[in-house]
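S.K.: So I've got this file, target27.cif, and it contains mmCIF, C-alpha atoms:
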```cif
data_start
#
loop_
_atom_site.label_atom_id
_atom_site.label_comp_id
_atom_site.auth_asym_id
_atom_site.auth_seq_id
_atom_site.Cartn_x
_atom_site.Cartn_y
_atom_site.Cartn_z
CA MET P 1 -9.94 0.94 3.66
CA THR P 2 -8.77 2.88 6.70
CA VAL P 3 -5.35 3.83 8.01
CA ASN P 4 -5.01 4.27 11.76
CA LEU P 5 -8.84 4.35 11.89
CA VAL P 6 -9.01 7.24 9.39
CA TYR P 7 -10.97 6.89 6.13
CA LYS P 8 -9.11 8.35 3.12
CA PRO P 9 -6.07 9.49 5.13
CA TYR P 10 -3.71 12.18 3.93
CA PHE P 11 -0.03 12.30 4.88
CA GLU P 12 2.37 15.12 4.00
CA VAL P 13 5.92 13.89 3.63
CA GLU P 14 9.33 15.42 3.31
CA ARG P 15 11.66 14.63 0.43
CA ARG P 16 13.25 11.59 2.07
CA LYS P 17 12.68 7.87 2.60
CA TYR P 18 9.81 6.66 4.79
CA ARG P 19 9.12 3.20 6.17
CA PHE P 20 5.52 1.98 6.18
CA ARG P 21 4.22 -1.06 8.06
CA ILE P 22 1.14 -2.39 6.28
CA LEU P 23 -1.05 -4.77 8.27
CA ASN P 24 -4.16 -6.35 6.83
CA ALA P 25 -6.46 -6.10 9.84
CA GLY P 26 -9.57 -6.79 7.78
CA VAL P 27 -11.74 -9.75 8.70
CA GLY P 28 -12.45 -10.93 5.19
CA ARG P 29 -10.55 -8.92 2.57
CA TYR P 30 -7.34 -9.36 0.69
CA PHE P 31 -5.21 -6.43 -0.41
CA LYS P 32 -2.72 -5.94 -3.22
CA VAL P 33 -1.08 -2.63 -2.37
CA ALA P 34 0.59 -0.40 -4.95
CA MET P 35 1.46 3.28 -5.19
CA CYS P 36 0.88 5.53 -8.17
CA ASP P 37 1.45 9.14 -9.16
CA ALA P 38 -1.07 11.62 -10.61
CA ALA P 39 -0.54 10.15 -14.10
CA GLY P 40 -1.35 6.64 -12.84
CA LYS P 41 2.28 5.52 -13.23
CA ALA P 42 3.48 2.95 -10.72
CA VAL P 43 5.74 4.24 -7.95
CA PRO P 44 8.46 1.77 -6.96
CA MET P 45 8.67 0.67 -3.34
CA THR P 46 11.18 -1.50 -1.54
CA GLN P 47 9.90 -4.37 0.56
CA ILE P 48 12.18 -5.00 3.52
CA ALA P 49 10.12 -7.30 5.76
CA ASN P 50 7.03 -9.46 6.11
CA ASP P 51 5.47 -11.58 8.86
CA GLY P 52 8.64 -13.61 9.16
CA ASN P 53 10.93 -10.64 9.96
CA LEU P 54 13.40 -8.85 7.71
CA LEU P 55 13.91 -10.24 4.22
CA PRO P 56 17.42 -11.54 3.40
CA SER P 57 17.78 -8.56 1.04
CA PRO P 58 15.47 -5.68 0.04
CA VAL P 59 13.21 -6.26 -2.98
CA THR P 60 12.09 -3.39 -5.25
CA LEU P 61 8.51 -3.83 -6.46
CA ASN P 62 5.77 -1.88 -8.23
CA GLN P 63 3.10 -3.71 -6.24
CA LEU P 64 3.05 -6.04 -3.27
CA ASP P 65 1.89 -9.65 -3.38
CA GLU P 66 -1.70 -10.24 -2.40
CA GLN P 67 -1.84 -9.70 1.34
CA GLY P 68 -4.00 -12.10 3.34
CA ILE P 69 -5.76 -11.50 6.61
CA ALA P 70 -3.35 -10.60 9.45
CA GLU P 71 -0.32 -10.50 7.12
CA ARG P 72 2.20 -7.71 7.50
CA TYR P 73 4.54 -6.09 4.98
CA ASP P 74 7.15 -3.43 5.68
CA ILE P 75 8.08 -1.18 2.77
CA VAL P 76 10.30 1.83 2.17
CA VAL P 77 9.28 4.57 -0.28
CA ASP P 78 11.78 7.18 -1.44
CA PHE P 79 9.98 10.52 -1.77
CA SER P 80 13.17 12.43 -2.64
CA LYS P 81 12.42 11.78 -6.33
CA TYR P 82 9.31 13.95 -6.22
CA LYS P 83 8.78 17.71 -6.17
CA VAL P 84 7.05 19.55 -3.35
CA GLY P 85 3.33 19.47 -4.12
CA ASP P 86 3.37 16.19 -6.06
CA LYS P 87 0.67 13.73 -4.99
CA LEU P 88 0.96 9.97 -4.74
CA TRP P 89 -1.75 7.45 -3.92
CA MET P 90 -1.56 4.12 -2.14
CA VAL P 91 -4.13 1.91 -3.84
CA ASN P 92 -5.58 -1.58 -3.54
CA LEU P 93 -5.38 -3.53 -6.82
CA ALA P 94 -7.22 -6.61 -5.52
CA ALA P 95 -10.66 -7.26 -6.98
CA HIS P 96 -13.39 -7.69 -4.40
CA ALA P 97 -16.81 -9.21 -4.62
CA THR P 98 -19.73 -6.93 -3.97
CA VAL P 99 -23.16 -8.10 -2.90
CA THR P 100 -26.07 -6.41 -4.64
CA ARG P 101 -29.63 -7.59 -3.93
CA GLY P 102 -28.49 -11.05 -2.96
CA ARG P 103 -26.11 -11.51 -5.92
CA THR P 104 -22.33 -11.55 -5.69
CA ALA P 105 -20.34 -9.79 -8.38
CA GLY P 106 -16.64 -9.17 -8.86
CA ARG P 107 -14.21 -11.81 -7.70
CA SER P 108 -14.62 -15.26 -9.22
#
```
Translate the structure of the given file into structure tokens.
M.R.:
Amino acid sequence: MTVNLVYKPYFEVERRKYRFRILNAGVGRYFKVAMCDAAGKAVPMTQIANDGNLLPSPVTLNQLDEQGIAERYDIVVDFSKYKVGDKLWMVNLAAHATVTRGRTAGRS
């Protein structure tokens, strides 16, 4: 997965809220985005919009719904809860098939 054409991107943030626009620009993959801390604990995020514009009210989630091709989600993450130096990861929880020597494994 890339972000702004960068593989394994790194983003230093201040202790405040940030808005992220997540677009699935893949040609054949689905994503289920979540954030976690160094202990693997889910980091809550607030979804504020999707393809159809702003949601009627913000929704706090630990992971987003599975995101199809060309779908967009806008989320807000509050980094004020974390200390300087803490690390968080944005991860994809969706299982993907892998092709090995002509066989497909993974997603059923």
S.K.: Determine the residue set returned by the PyMOL selection byres ((chain P and resi 37) around 8) for the present structure, and present it as JSON, numbers by chain.
M.R.: {"P": [35, 36, 38, 39, 40, 41, 42, 43, 86, 87, 88, 89]}
S.K.: Rounded to one decimal, what separation in Å do you get between atom CA of P:Tyr30 and atom CA of P:Val13?
M.R.: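 For atom CA of P:Tyr30 relative to atom CA of P:Val13, the distance reads 26.9 Å.
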S.K.: Atom CA of P:Val77 to atom CA of P:Val91: how many Å, to one decimal?
M.R.: 14.1 Å
S.K.: Leaving out P:Ala94 and any residue of its chain fewer than 3 positions from it, which residues lie within 8 Å of it when counting all atoms listed in the file, given as a ChimeraX atom specification?
M.R.: /P:30-33,66
S.K.: Using only C-alpha atoms, can you tell me which of P:Leu5, P:Ala25, P:Ala49, P:Leu64 comes closest to P:Asn92?
M.R.: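 Among P:Leu5, P:Ala25, P:Ala49, P:Leu64, it is P:Leu64 that comes nearest to P:Asn92.
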S.K.: Quick check on the file I pasted: which residues fall under the PyMOL selection byres ((chain P and resi 16) around 12)? Write them as a CSV table (one decimal) with C-alpha atoms, keeping the file's coordinate frame.
M.R.:
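And here is the file that came out, selection22.csv:
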```csv
chain,number,residue,atom,x,y,z
P,12,GLU,CA,2.4,15.1,4.0
P,13,VAL,CA,5.9,13.9,3.6
P,14,GLU,CA,9.3,15.4,3.3
P,15,ARG,CA,11.7,14.6,0.4
P,17,LYS,CA,12.7,7.9,2.6
P,18,TYR,CA,9.8,6.7,4.8
P,19,ARG,CA,9.1,3.2,6.2
P,76,VAL,CA,10.3,1.8,2.2
P,77,VAL,CA,9.3,4.6,-0.3
P,78,ASP,CA,11.8,7.2,-1.4
P,79,PHE,CA,10.0,10.5,-1.8
P,80,SER,CA,13.2,12.4,-2.6
P,81,LYS,CA,12.4,11.8,-6.3
P,82,TYR,CA,9.3,14.0,-6.2
P,83,LYS,CA,8.8,17.7,-6.2
P,84,VAL,CA,7.0,19.6,-3.4
```
S.K.: Which distance in Å separates atom CA of P:Gln47 and atom CA of P:Thr60, to one decimal?
M.R.: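 Distance between the two atoms: 6.3 Å.
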S.K.: Quick check on the file I pasted: which residues fall under the PyMOL selection byres ((chain P and resi 71) around 6)? Write them as a ChimeraX atom specification.
M.R.: /P:23-24,68-70,72
S.K.: Compare P:Tyr7, P:Ala95, P:Arg21, P:Gly26 by their minimum atom-to-atom distance to P:Ile75, counting only C-alpha atoms, and give me the closest one.
M.R.: P:Arg21
S.K.: Assuming 4 Å of padding per side, give the centre and edge lengths of the axis-aligned box around every listed atom of stretch 53-72 of chain P, in Å to one decimal and as lines of an AutoDock Vina configuration file.
M.R.:
```
center_x = 6.0
center_y = -7.0
center_z = 0.9
size_x = 31.5
size_y = 18.2
size_z = 26.2
```
S.K.: Which of these, P:Val27, P:Ala34, P:Met45, P:Ile22, has the shortest distance to P:Gln63 once you count all atoms listed in the file?
M.R.: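 Of the candidates, the smallest distance to P:Gln63 is held by P:Ala34.
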S.K.: Give the answer as one residue: which of P:Asp74, P:Lys8, P:Arg29, P:Pro44 has the shortest atom-to-atom distance to P:Leu61, using only C-alpha atoms?
M.R.: P:Pro44
